[in-house]
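Okay, so here's the structure we're looking at.
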Amino acid sequence: MKKTQRNNTTNQSRRKFIVGSAAAAAGGGLALGFNLPFGVEPAAAQGVAAGNTEVNAWVVVKPDDTCVIRIARAEMGQGTHTGLAQLVCEELECDWKKVEIQPITPGQNLARKRVWRDMATGGSRGIRGSQDYVRQGGAAARMMLLQAAANEWKVPVGELTVANGVITHAASGRSTSYGKVSAAAARLTPPDVKSIKLKDPRQWKVAGKPMKRLDTAPKVNGSQVYSIDLKLPEMLHAAIKACPVYGGTVKSYDESKIAARTGVGGVVQVDDKTVAVVANTWWRAKAALDALPIVWDEGPGSKQSSATIAAHLREGLTSASNVFADINDGNAPQAIAGAAKKVEAVYSTPFLSHACMEPMNCTVRITANKAEVWMPSQNAEASLAALSSASGLPLAQCEAYNHGLGGGFGRRGGTQDFVRQAVAIAQRYPGRPVKMVWSREEDQAHDFFRPISQCKLSAGLDPSGNLVGLHLRVSGQSINAWLAPHNIKDGKDVRQLQGFWKAPGDAQIGYTVPNLMTEYAMRNTHVPVGPWRGVNTNQNGLYLECFMDEVARAAGKDPLEFRRALMKNHPKHLGVLNAAAEKGNWGKPLPAGVHRGIAQFMGYGSYVAAVAEVSVSGKGEVKVHRMVLATNCGHAVNPATIAAQVEGSVAYGFDSLQNEMTIRNGRMVELNFDTYRPARLFQMPKVETVIVPTYDFWGGVGEPTICVTAPAVLNAIHAATGKPVRTLPIKHHGLTLV
Amino acid sequence: MRLNVNGQAYEAEVEPEMPLLWALREFIGLTGTKYGCGIAQCGACTVHLDGEAVRSCSMPVSAAAGKRVVTIEGLSRDSSHPVQKAWLELDVPQCGYCQSGQIMAAAALLAKNPRPTDKDIDEAMTNICRCGTYQRIRAAVHLAAGTGKGGGSIIHMAAAGAGVDSAVAAADQTSKA
């Protein structure tokens, strides 16, 4: 099975863009986000001179004391905008009530030689990946504002104090506010980064607190304009359909059959596999597209099914070819072979779709010398790069306007397929904006799915029930092989072993086993795959943590105690497991019929653990009553937002328990929410969030807790029924979440 | 076709089979009502038709003729409906895309059943939220109804500066969304 060529163009354009950006950054003055950019263009330089209140790239203080905080990362509901503003405000010492946030565009970022740095928002990096330079930006602005006041009063800056944006000189009884000195501050030379001392996070007053989100108001009255809601003069609307079989192409279509329909403007062949209908409203375009006869050349992919793919993966579980070991401590196969007791199991997880509530969409307008895109993107700079490469116009003649995303979950980051499609359509209508919207069916059919995998695990126990050997092999599809082959070093794609890594800091395995072997057998398919919120930690966490319960059971030990004995060298993993166990009342009595399950794992730099309380009826109805999830994310910038992400990750984890994307005749079967069933309110348990930050690292929040949700529930089901659930979704075992 | 939306009369030149959702979004220009699935499964398109919550993606616009349509934009003039106030109070939305539909479903529920039980909420609030805001949705419905169960998120936050082990012991209920 071979992937098609078209993704290579993505990677090439993205690489070029990164190289270009790096070259710009090397131009000087850009190592720090708060420096005024080196070599500003004349217009920008003039702006700085004339009554400008931009203290630095991150902070603008208006005369009325409003503090405008610039944000480069995308907001898709995860709360990063509010969290970053809290961090800047904390160092700036401004009044939180007077903070406004202002997203920047990638065109602005490029024009200022990437003064705001990376705009990519994925991998739970939104806060941890920018906390240092945004805090420095806030602190530098504070120092400049204080210096401006000191200059005006002709007193040493050390005699000034500031709180809530009010600067005071106690000795003379004078005070002023940020808004009054910001224009003078803007003309000062920024401080040397080495002179900036950031606060001890334990002294935070705004950061670290459950501040209300800054972006809620327009989301409760319908006034938030998502990209799909955009209205522009003269706008056209496009509905789109790609060959349902991956790798297939368009053979022909009969435009005459829809030409007479109301409002229909025409048919565009977008690329070799995709057709679009353009009309004066989207519903008319979609109805016409449904009526358009299209003949596909489905290609060899049409012979594939879930069964052929499962067999392909199963071969990888025992094959000696195209497999490598990442960790190989001691001799795990030998230790297991000679152990007093052996445990073995094969687990599997299916393809899953992202199913963002806002379907894929994108609006593009192209004129002779300008290309513009309006989109929901997790990486606005990648959108800009895709716009430039697809339109053939240089970056300087392109601009991208990012909207708040109606869900991202990894779907709207690197691929940017929607931008290239919208460009191809808009090129047929020069000067007119064209809004392309995918139907839900198209969205389900042409996702970059969570990759499918299987995992074979073997363990050996000594006569006392101690784990002497653990051998696990993942066989499945590689995200890098589809989207980023240059990330595979020497044929070894360690990304698929996320969460099993030996290296500390990001996704480290939390157990010490004397004989340990982890392997990956890459087995690719014709189905497009990509990062799905939590990426490979979800499947890998499930494999290891469900198997650990099986091994503990075989050893006759309590699942928590069994794990603890293996975690002495991993105090942070252990700490968070203990936190979940304590708040989850592990070992304490439960009502009749209710059982507990526990799991721990690491991802995105954070240590997480969960306890689930579950009952299973005679009819296989699984009720999750309560879940307690603990995270040590290093620093907790907004506990309320963290709790929201933890609660959301429970719902996302439930999706993985009850869904699958099935392949039949080479295409996806579950094309809408009647067959693909996202978790609903009635299934949601009471969720408690335990936050135990240790303040010595920065971990992510948006993703990590998903990977302990499913295994904690499955372990509770095992406790309730006495039977392990090794293949997902749970419906294959006669179980449903109620 | 004549439509009454948020108390205003509109004359829309639309095909009678066009779903009400698209007439609202593309002819009247009210985009707070969202497209999510087109088959009445997700509820992002929920509006009120003569006070009843309906899924406008699967209802032909002709079925709304002569009836009162209320969208999220018309629920209140200034986000002052008790449901909107509760949503603001508990910071319910994450991405926010489904929330117009969630709020309209909750408002219709409370209009009929001012003090719903958890079971009532389970049965009435079937809209999909991919961000998983369900715990806060449930709490906000209770808050709007004044049932005394509108607590929001449950957070145990360790005291600042506690070490790995002591952080666990110190983790302390603060419980505030």
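Ordering of the structure tokens sets the chain letters (A, B, ...); residue numbers start at 1 within each chain; ligands are numbered from 1 in the order shown.
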
From a backbone DSSP assignment, name each residue in range 126-251 of chain A labelled strand (DSSP E), as a PyMOL selection string. chain A and resi 160-163+166-169+174-177+236-242+249-251

What would the file look like if the residues just selected were written as an mmCIF file, in the first residue's frame with C-alpha atoms?
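Now in out_29.cif:
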```cif
data_model
loop_
_atom_site.group_PDB
_atom_site.id
_atom_site.type_symbol
_atom_site.label_atom_id
_atom_site.label_comp_id
_atom_site.auth_asym_id
_atom_site.auth_seq_id
_atom_site.Cartn_x
_atom_site.Cartn_y
_atom_site.Cartn_z
ATOM 1 C CA LEU A 160 8.778 53.408 41.931
ATOM 2 C CA THR A 161 6.200 50.759 42.616
ATOM 3 C CA VAL A 162 3.368 49.547 40.404
ATOM 4 C CA ALA A 163 0.112 47.726 40.933
ATOM 5 C CA VAL A 166 -0.842 52.502 38.500
ATOM 6 C CA ILE A 167 2.724 53.697 39.071
ATOM 7 C CA THR A 168 3.483 55.308 42.419
ATOM 8 C CA HIS A 169 6.453 57.264 43.794
ATOM 9 C CA ARG A 174 2.996 61.131 42.989
ATOM 10 C CA SER A 175 1.226 58.579 40.886
ATOM 11 C CA THR A 176 0.397 58.056 37.228
ATOM 12 C CA SER A 177 -0.999 55.312 35.088
ATOM 13 C CA LEU A 236 -19.667 32.849 -3.959
ATOM 14 C CA HIS A 237 -20.204 29.519 -2.216
ATOM 15 C CA ALA A 238 -18.691 26.150 -3.018
ATOM 16 C CA ALA A 239 -19.572 22.599 -2.024
ATOM 17 C CA ILE A 240 -16.967 19.956 -2.595
ATOM 18 C CA LYS A 241 -16.659 16.222 -3.081
ATOM 19 C CA ALA A 242 -13.513 14.120 -3.357
ATOM 20 C CA THR A 249 -9.457 10.074 -9.084
ATOM 21 C CA VAL A 250 -12.186 11.844 -11.032
ATOM 22 C CA LYS A 251 -12.918 10.171 -14.349
#
```

Helix (DSSP H, G or I) residues, from DSSP on the backbone, in range 10-166 of chain B, as a PyMOL selection string: chain B and resi 20-28+56-58+61-64+72-75+82-89+99-112+118-124+134-145+164-166

Contacts of range 109-124 of chain B within 8 Å, only C-alpha atoms, excl. fewer than 5 positions in-chain, as a PyMOL selection string: (chain A and resi 681-682) or (chain B and resi 138+141-142+145-147)

If you keep C-alpha atoms, can you produce a file of those selected residues as a PDB file, in the first residue's frame?
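The resulting file, again_37.pdb, is shown below:
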```
ATOM      1  CA  LEU A 681     -24.359  14.767  27.932  1.00  0.00           C
ATOM      2  CA  PHE A 682     -26.226  11.774  29.391  1.00  0.00           C
TER       3      PHE A 682
ATOM      4  CA  ARG B 138     -25.525  20.498  33.159  1.00  0.00           C
ATOM      5  CA  VAL B 141     -28.970  24.513  33.330  1.00  0.00           C
ATOM      6  CA  HIS B 142     -29.267  23.906  37.080  1.00  0.00           C
ATOM      7  CA  ALA B 145     -33.206  26.974  36.997  1.00  0.00           C
ATOM      8  CA  GLY B 146     -32.116  27.807  40.531  1.00  0.00           C
ATOM      9  CA  THR B 147     -32.112  24.179  41.614  1.00  0.00           C
TER      10      THR B 147
END
```

Residue neighbourhood Ala63 in chain B, 10 Å, only C-alpha atoms, exclusion window fewer than 6 positions, as a PDB file with N, CA and C atoms, in the first residue's frame:
```pdb
ATOM      1  N   PRO B  16     -39.048  26.303  -1.484  1.00  0.00           N
ATOM      2  CA  PRO B  16     -39.754  25.855  -0.265  1.00  0.00           C
ATOM      3  C   PRO B  16     -39.067  24.695   0.434  1.00  0.00           C
ATOM      4  N   GLU B  17     -38.286  23.897  -0.322  1.00  0.00           N
ATOM      5  CA  GLU B  17     -37.645  22.745   0.305  1.00  0.00           C
ATOM      6  C   GLU B  17     -36.319  23.104   0.969  1.00  0.00           C
ATOM      7  N   PRO B  19     -33.814  23.994   3.634  1.00  0.00           N
ATOM      8  CA  PRO B  19     -33.935  23.901   5.092  1.00  0.00           C
ATOM      9  C   PRO B  19     -33.963  25.296   5.741  1.00  0.00           C
ATOM     10  N   LEU B  20     -34.750  25.390   6.796  1.00  0.00           N
ATOM     11  CA  LEU B  20     -34.864  26.657   7.521  1.00  0.00           C
ATOM     12  C   LEU B  20     -33.481  27.197   7.899  1.00  0.00           C
ATOM     13  N   LEU B  49     -39.411  27.216  17.321  1.00  0.00           N
ATOM     14  CA  LEU B  49     -40.514  27.412  16.389  1.00  0.00           C
ATOM     15  C   LEU B  49     -41.785  27.392  17.231  1.00  0.00           C
TER      16      LEU B  49
END
```

Interatomic distance (Å, one decimal) between CA of Thr281 in chain A and CA of Ser227 in chain A: 15.5 Å

Can you tell me, as JSON, numbers by chain, what residues are no more than 6 Å from Val614 in chain A when counting only C-alpha atoms, ignoring any on the same chain fewer than 5 positions away? {"A": [594, 595, 623, 624, 625, 716]}

Pick from B:Pro82, B:Gly38, B:Pro60, B:Gly7, whichever lies nearest to chain A using only C-alpha atoms: B:Gly38

With distances taken over only C-alpha atoms, which residue among B:Gly74, B:Gly43, B:Gly148, B:Gly132 lies nearest chain A? B:Gly132

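Coordinates place CA of Lys492 in chain A at a distance of 20.7 Å from CA of Gly330 in chain A.
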
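Neighbouring residues of Gly32 in chain B at 7 Å or closer, counting only C-alpha atoms and skipping chain neighbours under 4 positions away, are A:Gly222, A:Ser223, B:Ile72, B:Glu73, B:Ser100.
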
Could you give me, as a ChimeraX atom specification, the residues within 10 Å of Val59 in chain A, counting only C-alpha atoms and dropping anything in the same chain fewer than 5 positions from it? /A:34,53-54,67-71,88-89,92,101-102,134,137-138,140-142,182,186
